[in-house]
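File shown: entry_20.cif (mmCIF, C-alpha atoms).
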data_protein
loop_
_atom_site.label_atom_id
_atom_site.label_comp_id
_atom_site.auth_asym_id
_atom_site.auth_seq_id
_atom_site.Cartn_x
_atom_site.Cartn_y
_atom_site.Cartn_z
CA MET A 1 0.83 29.39 16.36
CA THR A 2 1.19 29.38 20.15
CA ASP A 3 -0.94 32.51 20.58
CA ARG A 4 -3.69 31.16 18.32
CA THR A 5 -3.73 27.80 20.08
CA GLN A 6 -3.73 29.45 23.49
CA GLN A 7 -6.58 31.75 22.46
CA LYS A 8 -8.62 28.80 21.15
CA TRP A 9 -8.35 26.93 24.44
CA ASP A 10 -8.82 30.03 26.57
CA ASN A 11 -12.08 30.54 24.70
CA ALA A 12 -13.08 26.90 25.18
CA SER A 13 -12.40 26.93 28.93
CA GLY A 14 -15.83 28.31 29.83
CA THR A 15 -17.83 25.49 28.24
CA PHE A 16 -15.26 22.70 28.35
CA ASP A 17 -16.60 20.94 31.44
CA LEU A 18 -20.16 21.12 30.13
CA LEU A 19 -19.25 19.42 26.84
CA ALA A 20 -16.67 16.95 28.17
CA GLY A 21 -17.33 16.79 31.87
CA TYR A 22 -20.06 14.21 32.36
CA GLY A 23 -20.85 11.81 29.53
CA ALA A 24 -17.36 11.41 28.17
CA GLU A 25 -15.66 11.32 31.55
CA LYS A 26 -18.14 8.81 32.96
CA ARG A 27 -17.78 6.65 29.87
CA TRP A 28 -13.99 6.80 29.83
CA ARG A 29 -13.25 6.89 33.55
CA SER A 30 -12.45 3.21 34.10
CA PHE A 31 -10.07 3.17 31.10
CA LYS A 32 -8.32 6.32 32.30
CA GLU A 33 -8.04 5.00 35.84
CA ASP A 34 -6.48 1.82 34.50
CA LEU A 35 -3.93 3.79 32.45
CA PHE A 36 -3.12 6.27 35.21
CA SER A 37 -2.81 3.47 37.80
CA ARG A 38 0.62 2.79 36.24
CA MET A 39 1.94 6.19 37.36
CA ASP A 40 5.36 5.80 38.96
CA GLY A 41 8.31 8.12 39.53
CA LYS A 42 8.54 11.71 38.35
CA ILE A 43 5.62 12.36 36.04
CA LEU A 44 4.82 15.00 33.42
CA PHE A 45 1.13 15.36 32.60
CA LEU A 46 0.63 17.23 29.36
CA ALA A 47 -2.43 19.46 28.87
CA VAL A 48 -4.05 19.52 32.29
CA GLY A 49 -7.02 21.45 30.89
CA THR A 50 -9.69 22.04 33.52
CA GLY A 51 -8.34 19.10 35.50
CA LEU A 52 -11.04 16.60 34.56
CA ASP A 53 -8.48 13.79 34.65
CA ILE A 54 -7.11 14.59 38.10
CA PRO A 55 -9.77 12.60 40.04
CA CYS A 56 -8.58 9.53 38.08
CA PHE A 57 -4.97 9.89 39.30
CA PRO A 58 -3.75 7.49 41.98
CA ALA A 59 -2.90 9.21 45.26
CA GLY A 60 0.63 10.03 46.35
CA GLN A 61 2.25 10.73 42.98
CA ASP A 62 4.77 13.44 42.05
CA ILE A 63 3.14 15.12 39.05
CA THR A 64 4.10 18.19 37.05
CA GLY A 65 1.27 19.38 34.84
CA ILE A 66 1.47 21.83 31.96
CA ASP A 67 -1.12 23.49 29.74
CA ILE A 68 -0.94 26.16 27.09
CA SER A 69 -4.06 27.92 28.37
CA PRO A 70 -3.91 29.99 31.57
CA LYS A 71 -7.72 30.10 31.70
CA MET A 72 -7.90 26.30 31.64
CA LEU A 73 -5.38 26.17 34.49
CA GLU A 74 -7.45 28.68 36.47
CA LYS A 75 -10.46 26.38 36.13
CA ALA A 76 -8.32 23.41 37.17
CA GLN A 77 -7.20 24.94 40.47
CA PRO A 78 -9.87 23.35 42.73
CA ARG A 79 -9.13 19.90 41.31
CA ILE A 80 -5.37 20.42 41.66
CA ALA A 81 -5.86 21.54 45.27
CA ALA A 82 -7.98 18.47 45.99
CA TYR A 83 -5.39 16.01 44.64
CA ASP A 84 -3.94 13.79 47.37
CA GLY A 85 -0.32 13.98 46.24
CA ASN A 86 2.31 16.41 45.00
CA MET A 87 0.98 18.21 41.92
CA THR A 88 2.31 21.44 40.47
CA VAL A 89 1.18 23.08 37.24
CA ARG A 90 2.74 25.56 34.86
CA GLN A 91 1.52 27.35 31.78
CA MET A 92 3.74 26.06 28.99
CA ASP A 93 3.65 25.13 25.31
CA VAL A 94 4.83 21.57 24.62
CA HIS A 95 6.87 22.92 21.72
CA LYS A 96 8.77 25.27 24.05
CA MET A 97 9.22 23.31 27.28
CA ASP A 98 12.04 24.59 29.49
CA PHE A 99 12.57 21.33 31.41
CA ALA A 100 16.05 19.83 31.27
CA ASP A 101 16.70 16.75 29.17
CA ASP A 102 15.85 13.38 30.81
CA THR A 103 13.79 14.96 33.62
CA PHE A 104 10.77 12.66 33.79
CA ASP A 105 10.26 8.92 34.29
CA GLN A 106 6.85 9.01 32.60
CA VAL A 107 4.80 11.32 30.43
CA TYR A 108 1.01 11.09 30.35
CA THR A 109 -1.39 12.74 27.91
CA SER A 110 -5.17 12.70 27.73
CA CYS A 111 -6.98 13.86 24.58
CA THR A 112 -4.03 16.13 23.86
CA PHE A 113 -2.42 15.22 20.56
CA CYS A 114 -5.61 16.02 18.66
CA SER A 115 -4.79 19.64 19.44
CA VAL A 116 -1.02 20.05 19.54
CA PRO A 117 -0.27 22.09 16.38
CA ASP A 118 2.75 20.03 15.28
CA PRO A 119 2.20 16.58 16.81
CA VAL A 120 5.47 14.94 15.74
CA ALA A 121 7.48 17.91 17.01
CA GLY A 122 5.48 17.85 20.25
CA LEU A 123 6.09 14.14 20.75
CA THR A 124 9.78 14.61 19.97
CA ALA A 125 9.93 17.37 22.59
CA LEU A 126 8.37 14.98 25.11
CA ARG A 127 10.98 12.36 24.22
CA ARG A 128 13.70 14.91 25.06
CA VAL A 129 12.41 15.42 28.60
CA LEU A 130 11.78 11.69 29.16
CA LYS A 131 14.58 9.62 30.63
CA PRO A 132 15.91 6.90 28.29
CA GLY A 133 13.59 3.94 28.72
CA GLY A 134 10.89 6.22 30.18
CA ASP A 135 7.23 5.62 29.42
CA LEU A 136 4.88 7.60 27.22
CA LYS A 137 1.26 6.76 28.07
CA MET A 138 -1.54 8.38 26.12
CA PHE A 139 -5.34 8.35 26.15
CA GLU A 140 -6.25 9.83 22.78
CA HIS A 141 -8.81 9.99 20.01
CA THR A 142 -7.62 9.67 16.45
CA GLY A 143 -8.91 9.21 12.93
CA SER A 144 -10.33 5.85 11.87
CA LYS A 145 -9.30 3.38 9.21
CA HIS A 146 -12.82 2.01 8.80
CA PHE A 147 -15.78 2.96 6.61
CA PRO A 148 -17.76 5.17 7.05
CA PHE A 149 -16.09 6.74 10.08
CA ARG A 150 -12.82 7.46 8.28
CA GLN A 151 -14.64 9.45 5.60
CA MET A 152 -16.88 11.23 8.11
CA LEU A 153 -13.97 12.30 10.32
CA ASN A 154 -12.01 13.53 7.28
CA LEU A 155 -15.06 15.47 6.10
CA VAL A 156 -15.71 17.32 9.37
CA ASN A 157 -12.08 17.89 10.33
CA PRO A 158 -11.66 21.26 8.54
CA VAL A 159 -14.53 22.64 10.66
CA MET A 160 -13.60 20.88 13.91
CA ARG A 161 -9.99 22.09 13.88
CA HIS A 162 -11.20 25.69 14.19
CA LEU A 163 -13.54 24.90 17.09
CA GLY A 164 -11.25 22.63 19.10
CA PRO A 165 -9.52 19.35 18.32
CA GLU A 166 -8.60 17.74 15.02
CA VAL A 167 -10.47 14.48 14.60
CA ASN A 168 -8.59 12.60 11.90
CA ARG A 169 -4.99 12.44 13.10
CA ASP A 170 -2.93 9.26 12.99
CA THR A 171 -1.39 9.68 16.42
CA VAL A 172 0.01 6.13 16.47
CA ALA A 173 2.01 6.88 13.31
CA ASN A 174 3.10 10.19 14.87
CA VAL A 175 4.40 8.36 17.96
CA ARG A 176 6.45 6.08 15.73
CA ALA A 177 7.65 9.04 13.64
CA ALA A 178 8.83 10.77 16.82
CA GLY A 179 11.17 7.85 17.48
CA TYR A 180 9.50 5.90 20.29
CA ASP A 181 9.93 2.14 20.71
CA ASP A 182 7.58 -0.67 21.77
CA VAL A 183 4.38 1.05 20.67
CA LYS A 184 1.29 -0.71 22.01
CA VAL A 185 -2.26 0.32 21.10
CA ASN A 186 -5.46 -0.61 22.92
CA ASN A 187 -8.70 0.32 21.13
CA ILE A 188 -11.46 1.50 23.43
CA PHE A 189 -14.11 2.82 21.01
CA LEU A 190 -13.73 1.50 17.46
CA ASP A 191 -10.20 2.44 16.39
CA VAL A 192 -10.93 6.07 17.35
CA VAL A 193 -10.61 6.28 21.14
CA LYS A 194 -7.54 4.38 22.33
CA THR A 195 -4.64 4.17 24.70
CA ILE A 196 -1.14 4.30 23.23
CA GLU A 197 1.86 3.18 25.24
CA ALA A 198 5.46 3.56 24.08
CA THR A 199 8.98 3.79 25.42
CA ALA A 200 11.65 6.43 24.91
CA PRO A 201 14.67 4.74 23.31
CA ALA A 202 18.04 4.55 25.01
CA LYS A 203 20.33 7.41 23.91
CA MET B 1 -18.63 -3.47 23.48
CA GLU B 2 -20.53 -1.08 25.71
CA ARG B 3 -22.77 -3.04 28.12
CA ARG B 4 -23.76 -0.41 30.66
CA PRO B 5 -27.54 0.06 30.15
CA TYR B 6 -27.42 3.84 30.52
CA PHE B 7 -24.93 4.21 27.67
CA VAL B 8 -26.52 1.53 25.47
CA PHE B 9 -29.83 3.36 25.82
CA GLY B 10 -28.11 6.66 25.02
CA ASP B 11 -26.49 5.20 21.91
CA ILE B 12 -29.78 3.77 20.63
CA PHE B 13 -31.65 6.98 21.46
CA ALA B 14 -29.10 9.15 19.63
CA CYS B 15 -29.16 6.98 16.50
CA VAL B 16 -32.95 6.67 16.36
CA LEU B 17 -33.45 10.38 17.05
CA ALA B 18 -30.90 11.42 14.41
CA GLY B 19 -32.39 9.03 11.83
CA GLY B 20 -36.02 9.87 12.59
CA ALA B 21 -35.48 13.64 12.68
CA THR B 22 -33.52 13.51 9.44
CA GLY B 23 -36.24 11.42 7.76
CA TRP B 24 -38.88 13.92 8.75
CA LEU B 25 -36.85 16.97 7.70
CA VAL B 26 -35.66 15.56 4.38
CA TYR B 27 -39.21 14.48 3.50
CA ALA B 28 -40.43 17.99 4.33
CA LEU B 29 -37.72 19.84 2.40
CA ILE B 30 -36.97 17.85 -0.76
CA PRO B 31 -39.55 18.05 -3.56
CA GLY B 32 -40.65 14.78 -5.18
CA ASP B 33 -39.61 15.85 -8.69
CA TRP B 34 -35.88 16.11 -7.95
CA PHE B 35 -33.44 13.82 -9.72
CA GLY B 36 -32.82 10.86 -7.39
CA LEU B 37 -29.07 11.19 -7.10
CA ILE B 38 -29.25 14.90 -6.26
CA ALA B 39 -32.01 14.27 -3.71
CA MET B 40 -29.85 11.55 -2.18
CA PHE B 41 -26.81 13.82 -1.77
CA VAL B 42 -28.86 16.73 -0.44
CA GLY B 43 -30.60 14.34 1.97
CA MET B 44 -27.26 12.96 3.09
CA SER B 45 -25.91 16.47 3.73
CA ILE B 46 -28.97 17.45 5.73
CA GLY B 47 -28.65 14.19 7.65
CA MET B 48 -25.04 14.83 8.50
CA VAL B 49 -25.86 18.24 9.97
CA ILE B 50 -28.83 16.85 11.93
CA GLY B 51 -26.76 13.89 13.14
CA MET B 52 -23.97 16.15 14.33
CA LEU B 53 -26.43 18.42 16.13
CA VAL B 54 -28.06 15.44 17.86
CA GLY B 55 -24.59 14.17 18.77
CA LEU B 56 -23.52 17.53 20.17
CA ILE B 57 -26.71 17.90 22.21
CA LEU B 58 -26.53 14.38 23.66
CA ALA B 59 -22.76 14.16 24.09
CA PRO B 60 -22.73 15.83 27.52
CA PHE B 61 -25.08 13.11 28.76
CA PHE B 62 -23.95 9.94 27.02
CA GLY B 63 -20.37 10.35 25.80
CA ASP B 64 -18.38 12.09 23.17
CA LEU B 65 -17.37 10.39 19.93
CA GLU B 66 -19.32 7.29 20.98
CA VAL B 67 -22.50 9.31 20.44
CA MET B 68 -21.48 11.78 17.75
CA LEU B 69 -20.14 9.28 15.21
CA PRO B 70 -23.07 6.84 15.15
CA ALA B 71 -25.58 9.72 15.28
CA SER B 72 -23.94 11.43 12.30
CA TYR B 73 -23.84 8.12 10.45
CA SER B 74 -27.54 7.60 11.22
CA GLY B 75 -28.42 11.05 9.91
CA MET B 76 -26.43 10.55 6.72
CA LEU B 77 -27.88 7.11 5.99
CA ALA B 78 -31.44 8.21 6.77
CA GLY B 79 -31.02 11.30 4.58
CA MET B 80 -29.72 9.19 1.70
CA ILE B 81 -32.53 6.65 1.92
CA ILE B 82 -35.35 9.16 2.28
CA GLY B 83 -33.85 11.57 -0.27
CA MET B 84 -33.56 8.82 -2.85
CA GLY B 85 -36.88 7.29 -1.86
CA ILE B 86 -38.81 10.51 -2.39
CA SER B 87 -38.10 10.41 -6.10
CA MET B 88 -37.46 6.72 -6.79
CA ALA B 89 -39.60 4.71 -4.36
CA PRO B 90 -42.30 6.91 -2.83
CA ALA B 91 -43.66 4.00 -0.78
CA VAL B 92 -40.41 3.81 1.21
CA ALA B 93 -40.57 7.51 1.88
CA GLY B 94 -44.20 7.25 2.94
CA SER B 95 -43.24 6.93 6.61
CA PRO B 96 -40.04 8.96 6.70
CA VAL B 97 -39.71 9.11 10.47
CA GLY B 98 -40.04 5.33 10.80
CA VAL B 99 -37.65 4.60 7.93
CA GLY B 100 -35.16 7.12 9.34
CA ALA B 101 -35.42 5.56 12.80
CA LEU B 102 -34.81 2.11 11.29
CA ALA B 103 -31.74 3.47 9.51
CA GLY B 104 -30.61 4.75 12.92
CA LEU B 105 -31.05 1.29 14.44
CA PHE B 106 -29.00 -0.22 11.62
CA CYS B 107 -26.19 2.30 12.26
CA PHE B 108 -26.29 1.55 15.98
CA ALA B 109 -25.97 -2.20 15.26
CA TYR B 110 -23.21 -1.66 12.66
CA THR B 111 -21.22 0.45 15.13
CA TYR B 112 -21.55 -2.13 17.90
CA ILE B 113 -20.55 -5.01 15.61
CA LEU B 114 -17.51 -3.07 14.34
CA GLN B 115 -16.70 -2.11 17.93
CA ALA B 116 -16.75 -5.77 19.01
CA ARG B 117 -14.32 -6.59 16.20
CA LEU B 118 -11.88 -3.72 16.86
CA ARG B 119 -11.75 -3.48 20.62
CA GLY B 120 -8.63 -4.51 22.48
CA VAL B 121 -4.89 -4.56 21.89
CA VAL B 122 -4.32 -4.49 18.14
CA ARG B 123 -0.56 -4.43 17.78
CA SER B 124 2.52 -4.27 19.88
#
Show the structure stored in the file as structure tokens.
Amino acid sequence: MTDRTQQKWDNASGTFDLLAGYGAEKRWRSFKEDLFSRMDGKILFLAVGTGLDIPCFPAGQDITGIDISPKMLEKAQPRIAAYDGNMTVRQMDVHKMDFADDTFDQVYTSCTFCSVPDPVAGLTALRRVLKPGGDLKMFEHTGSKHFPFRQMLNLVNPVMRHLGPEVNRDTVANVRAAGYDDVKVNNIFLDVVKTIEATAPAK
Amino acid sequence: MERRPYFVFGDIFACVLAGGATGWLVYALIPGDWFGLIAMFVGMSIGMVIGMLVGLILAPFFGDLEVMLPASYSGMLAGMIIGMGISMAPAVAGSPVGVGALAGLFCFAYTYILQARLRGVVRS
């Protein structure tokens, strides 16, 4: 599963900025900046990709980024180098993270859990490396509960999952299933693009 | 609700283009003697493909799912209307590009109304 996922995103790295780099980033930038403005403490950023989110990070943070795709991380290097703070990146699968338990104060994701092969296991792995009471903050797209978008996203998902992300996941339910508390959802576009904030429970 | 003129224009353009292009293509491809329900489903399928293509082409300029979803919806609705109209109400299908574009405008408005209702914190 890891090899296949890595291969998919290695392949996507060449055209990723073209497809996601202008329209989507311009449209979403203010929402991402608002979410990332709450960065505080030791931070894990999951799925750095080509680093499109890095210009939205507040300066002066201590951020560890991971991504499954070495080619994505190669593309991200100029943006990582330009970040005004302490940012290190590693190639790593969320399912096989080698960080110690309770390492991070916060975990951030951005359009990530549409692609993690086993989302509940991935979120549970993030909970392990989060300190008790630590924050999970996500900018994600999910499936919809509303006609006709629910049906459309379900219909195209079998094709989309081979090209890139899945488009009909219930990431909010996955966050709850992974054992997080205080789940708060803020819809940005319909009920499809949203921020999800949750807390790792005390152990 | 999106208020930035650049993106509002992009959303309208994507929906109208997907609807109009689908109307034209469905009218050109589906014979008038097809059974209405079959023509409707074939038209809808063609519209979905056209809508997704329009969405993919315009997404780098205007957004991601914000463009792709309404454009696909526009294509599907335009394909249904024109496909059905070809066999059941030829007058409606007489100006397929215009009818398709109107379907696109409806989908744009529907998306914005639904967006206004859904946006914000929904549960905590």
Residues of chain B that approach chain A to 12 Å or less, counting only C-alpha atoms: could you list each one with the shortest pair of atoms and its distance in Å to one decimal, rows by chain and increasing residue number, as JSON lines?
{"residue": "B:Met1", "atom": "CA", "partner": "A:Phe189", "partner_atom": "CA", "distance": 8.1}
{"residue": "B:Glu2", "atom": "CA", "partner": "A:Phe189", "partner_atom": "CA", "distance": 8.9}
{"residue": "B:Arg3", "atom": "CA", "partner": "A:Arg27", "partner_atom": "CA", "distance": 11.0}
{"residue": "B:Arg4", "atom": "CA", "partner": "A:Arg27", "partner_atom": "CA", "distance": 9.3}
{"residue": "B:Pro5", "atom": "CA", "partner": "A:Arg27", "partner_atom": "CA", "distance": 11.8}
{"residue": "B:Tyr6", "atom": "CA", "partner": "A:Arg27", "partner_atom": "CA", "distance": 10.1}
{"residue": "B:Phe7", "atom": "CA", "partner": "A:Arg27", "partner_atom": "CA", "distance": 7.9}
{"residue": "B:Val8", "atom": "CA", "partner": "A:Arg27", "partner_atom": "CA", "distance": 11.0}
{"residue": "B:Gly10", "atom": "CA", "partner": "A:Gly23", "partner_atom": "CA", "distance": 10.0}
{"residue": "B:Asp11", "atom": "CA", "partner": "A:Gly23", "partner_atom": "CA", "distance": 11.6}
{"residue": "B:Met44", "atom": "CA", "partner": "A:Met152", "partner_atom": "CA", "distance": 11.7}
{"residue": "B:Ser45", "atom": "CA", "partner": "A:Leu155", "partner_atom": "CA", "distance": 11.2}
{"residue": "B:Met48", "atom": "CA", "partner": "A:Met152", "partner_atom": "CA", "distance": 8.9}
{"residue": "B:Val49", "atom": "CA", "partner": "A:Val156", "partner_atom": "CA", "distance": 10.2}
{"residue": "B:Gly51", "atom": "CA", "partner": "A:Met152", "partner_atom": "CA", "distance": 11.4}
{"residue": "B:Met52", "atom": "CA", "partner": "A:Val156", "partner_atom": "CA", "distance": 9.7}
{"residue": "B:Gly55", "atom": "CA", "partner": "A:Leu19", "partner_atom": "CA", "distance": 11.0}
{"residue": "B:Leu56", "atom": "CA", "partner": "A:Leu19", "partner_atom": "CA", "distance": 8.1}
{"residue": "B:Ile57", "atom": "CA", "partner": "A:Leu19", "partner_atom": "CA", "distance": 8.9}
{"residue": "B:Leu58", "atom": "CA", "partner": "A:Gly23", "partner_atom": "CA", "distance": 8.6}
{"residue": "B:Ala59", "atom": "CA", "partner": "A:Gly23", "partner_atom": "CA", "distance": 6.2}
{"residue": "B:Pro60", "atom": "CA", "partner": "A:Gly23", "partner_atom": "CA", "distance": 4.9}
{"residue": "B:Phe61", "atom": "CA", "partner": "A:Gly23", "partner_atom": "CA", "distance": 4.5}
{"residue": "B:Phe62", "atom": "CA", "partner": "A:Gly23", "partner_atom": "CA", "distance": 4.4}
{"residue": "B:Gly63", "atom": "CA", "partner": "A:Ala24", "partner_atom": "CA", "distance": 4.0}
{"residue": "B:Asp64", "atom": "CA", "partner": "A:Ala24", "partner_atom": "CA", "distance": 5.1}
{"residue": "B:Leu65", "atom": "CA", "partner": "A:Val193", "partner_atom": "CA", "distance": 8.0}
{"residue": "B:Glu66", "atom": "CA", "partner": "A:Phe189", "partner_atom": "CA", "distance": 6.9}
{"residue": "B:Val67", "atom": "CA", "partner": "A:Ala24", "partner_atom": "CA", "distance": 9.5}
{"residue": "B:Met68", "atom": "CA", "partner": "A:Leu153", "partner_atom": "CA", "distance": 10.6}
{"residue": "B:Leu69", "atom": "CA", "partner": "A:Phe149", "partner_atom": "CA", "distance": 7.0}
{"residue": "B:Pro70", "atom": "CA", "partner": "A:Phe149", "partner_atom": "CA", "distance": 8.6}
{"residue": "B:Ala71", "atom": "CA", "partner": "A:Phe149", "partner_atom": "CA", "distance": 11.2}
{"residue": "B:Ser72", "atom": "CA", "partner": "A:Met152", "partner_atom": "CA", "distance": 8.2}
{"residue": "B:Tyr73", "atom": "CA", "partner": "A:Pro148", "partner_atom": "CA", "distance": 7.6}
{"residue": "B:Ser74", "atom": "CA", "partner": "A:Pro148", "partner_atom": "CA", "distance": 10.9}
{"residue": "B:Gly75", "atom": "CA", "partner": "A:Met152", "partner_atom": "CA", "distance": 11.7}
{"residue": "B:Met76", "atom": "CA", "partner": "A:Met152", "partner_atom": "CA", "distance": 9.7}
{"residue": "B:Leu77", "atom": "CA", "partner": "A:Pro148", "partner_atom": "CA", "distance": 10.4}
{"residue": "B:Cys107", "atom": "CA", "partner": "A:Pro148", "partner_atom": "CA", "distance": 10.3}
{"residue": "B:Tyr110", "atom": "CA", "partner": "A:Pro148", "partner_atom": "CA", "distance": 10.4}
{"residue": "B:Thr111", "atom": "CA", "partner": "A:Leu190", "partner_atom": "CA", "distance": 7.9}
{"residue": "B:Tyr112", "atom": "CA", "partner": "A:Leu190", "partner_atom": "CA", "distance": 8.6}
{"residue": "B:Ile113", "atom": "CA", "partner": "A:Leu190", "partner_atom": "CA", "distance": 9.6}
{"residue": "B:Leu114", "atom": "CA", "partner": "A:Leu190", "partner_atom": "CA", "distance": 6.7}
{"residue": "B:Gln115", "atom": "CA", "partner": "A:Leu190", "partner_atom": "CA", "distance": 4.7}
{"residue": "B:Ala116", "atom": "CA", "partner": "A:Leu190", "partner_atom": "CA", "distance": 8.0}
{"residue": "B:Arg117", "atom": "CA", "partner": "A:Leu190", "partner_atom": "CA", "distance": 8.2}
{"residue": "B:Leu118", "atom": "CA", "partner": "A:Leu190", "partner_atom": "CA", "distance": 5.6}
{"residue": "B:Arg119", "atom": "CA", "partner": "A:Asn187", "partner_atom": "CA", "distance": 4.9}
{"residue": "B:Gly120", "atom": "CA", "partner": "A:Asn187", "partner_atom": "CA", "distance": 5.0}
{"residue": "B:Val121", "atom": "CA", "partner": "A:Asn186", "partner_atom": "CA", "distance": 4.1}
{"residue": "B:Val122", "atom": "CA", "partner": "A:Val185", "partner_atom": "CA", "distance": 6.0}
{"residue": "B:Arg123", "atom": "CA", "partner": "A:Lys184", "partner_atom": "CA", "distance": 5.9}
{"residue": "B:Ser124", "atom": "CA", "partner": "A:Lys184", "partner_atom": "CA", "distance": 4.3}
For this session: Using the chain letters and numbers from the file, give me the residues hit by the PyMOL selection byres ((chain A and resi 36) around 12), as a ChimeraX atom specification.
Result: /A:29-35,37-40,43-45,53-59,61,63,106-110,135-139,195,197
For this session: Write out as a list in words the residues lying within 8 Å of Leu102 of chain B, counting all atoms listed in the file and excluding same-chain residues fewer than 3 positions away.
Result: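 Contacts, with the query itself left out: Val16, Gly19, Gly20, Gly98, Val99, Leu105 and Phe106 of chain B.
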The selected residues should be written to file as a PDB file, keeping the file's coordinate frame (atoms: C-alpha atoms).
ATOM      1  CA  VAL B  16     -32.950   6.670  16.360  1.00  0.00           C
ATOM      2  CA  GLY B  19     -32.390   9.030  11.830  1.00  0.00           C
ATOM      3  CA  GLY B  20     -36.020   9.870  12.590  1.00  0.00           C
ATOM      4  CA  GLY B  98     -40.040   5.330  10.800  1.00  0.00           C
ATOM      5  CA  VAL B  99     -37.650   4.600   7.930  1.00  0.00           C
ATOM      6  CA  LEU B 105     -31.050   1.290  14.440  1.00  0.00           C
ATOM      7  CA  PHE B 106     -29.000  -0.220  11.620  1.00  0.00           C
TER       8      PHE B 106
END
Problem set entry | Gap from atom CA of Gly133 of chain A to atom CA of Ala202 of chain A - Å, one decimal |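 Answer for the atom CA of Gly133 of chain A to atom CA of Ala202 of chain A separation: 5.8 Å.
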Problem set entry | Interatomic distance (Å, one decimal) between atom CA of Gly85 of chain A and atom CA of Leu52 of chain A |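 Spanning atom CA of Gly85 of chain A to atom CA of Leu52 of chain A is a straight-line distance of 16.1 Å.
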Exercise. So which residues touch Arg128 of chain A within 9 Å, counting only C-alpha atoms, skipping near sequence neighbours fewer than 6 positions away, as number ranges by chain?
Worked result: A: 100-103, 200
For this session: List, as a list in words, every residue that the PyMOL selection byres ((chain A and resi 70) around 10) selects in the file provided.
Result: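 Here the PyMOL selection byres ((chain A and resi 70) around 10) matches Gln6, Gln7, Trp9, Asp10, Ser13, Gly49, Ile66, Asp67, Ile68, Ser69, Lys71, Met72, Leu73, Glu74, Lys75, Ala76, Arg90, Gln91 and Met92 of chain A.
Within the 9 Å cut-off around Met97 of chain A, using all atoms listed in the file and omitting residues fewer than 2 positions from it on the same chain, the listed residues are Met92, Asp93, Val94, His95, Phe99, Ala100, Ala125, Leu126 and Val129 of chain A.
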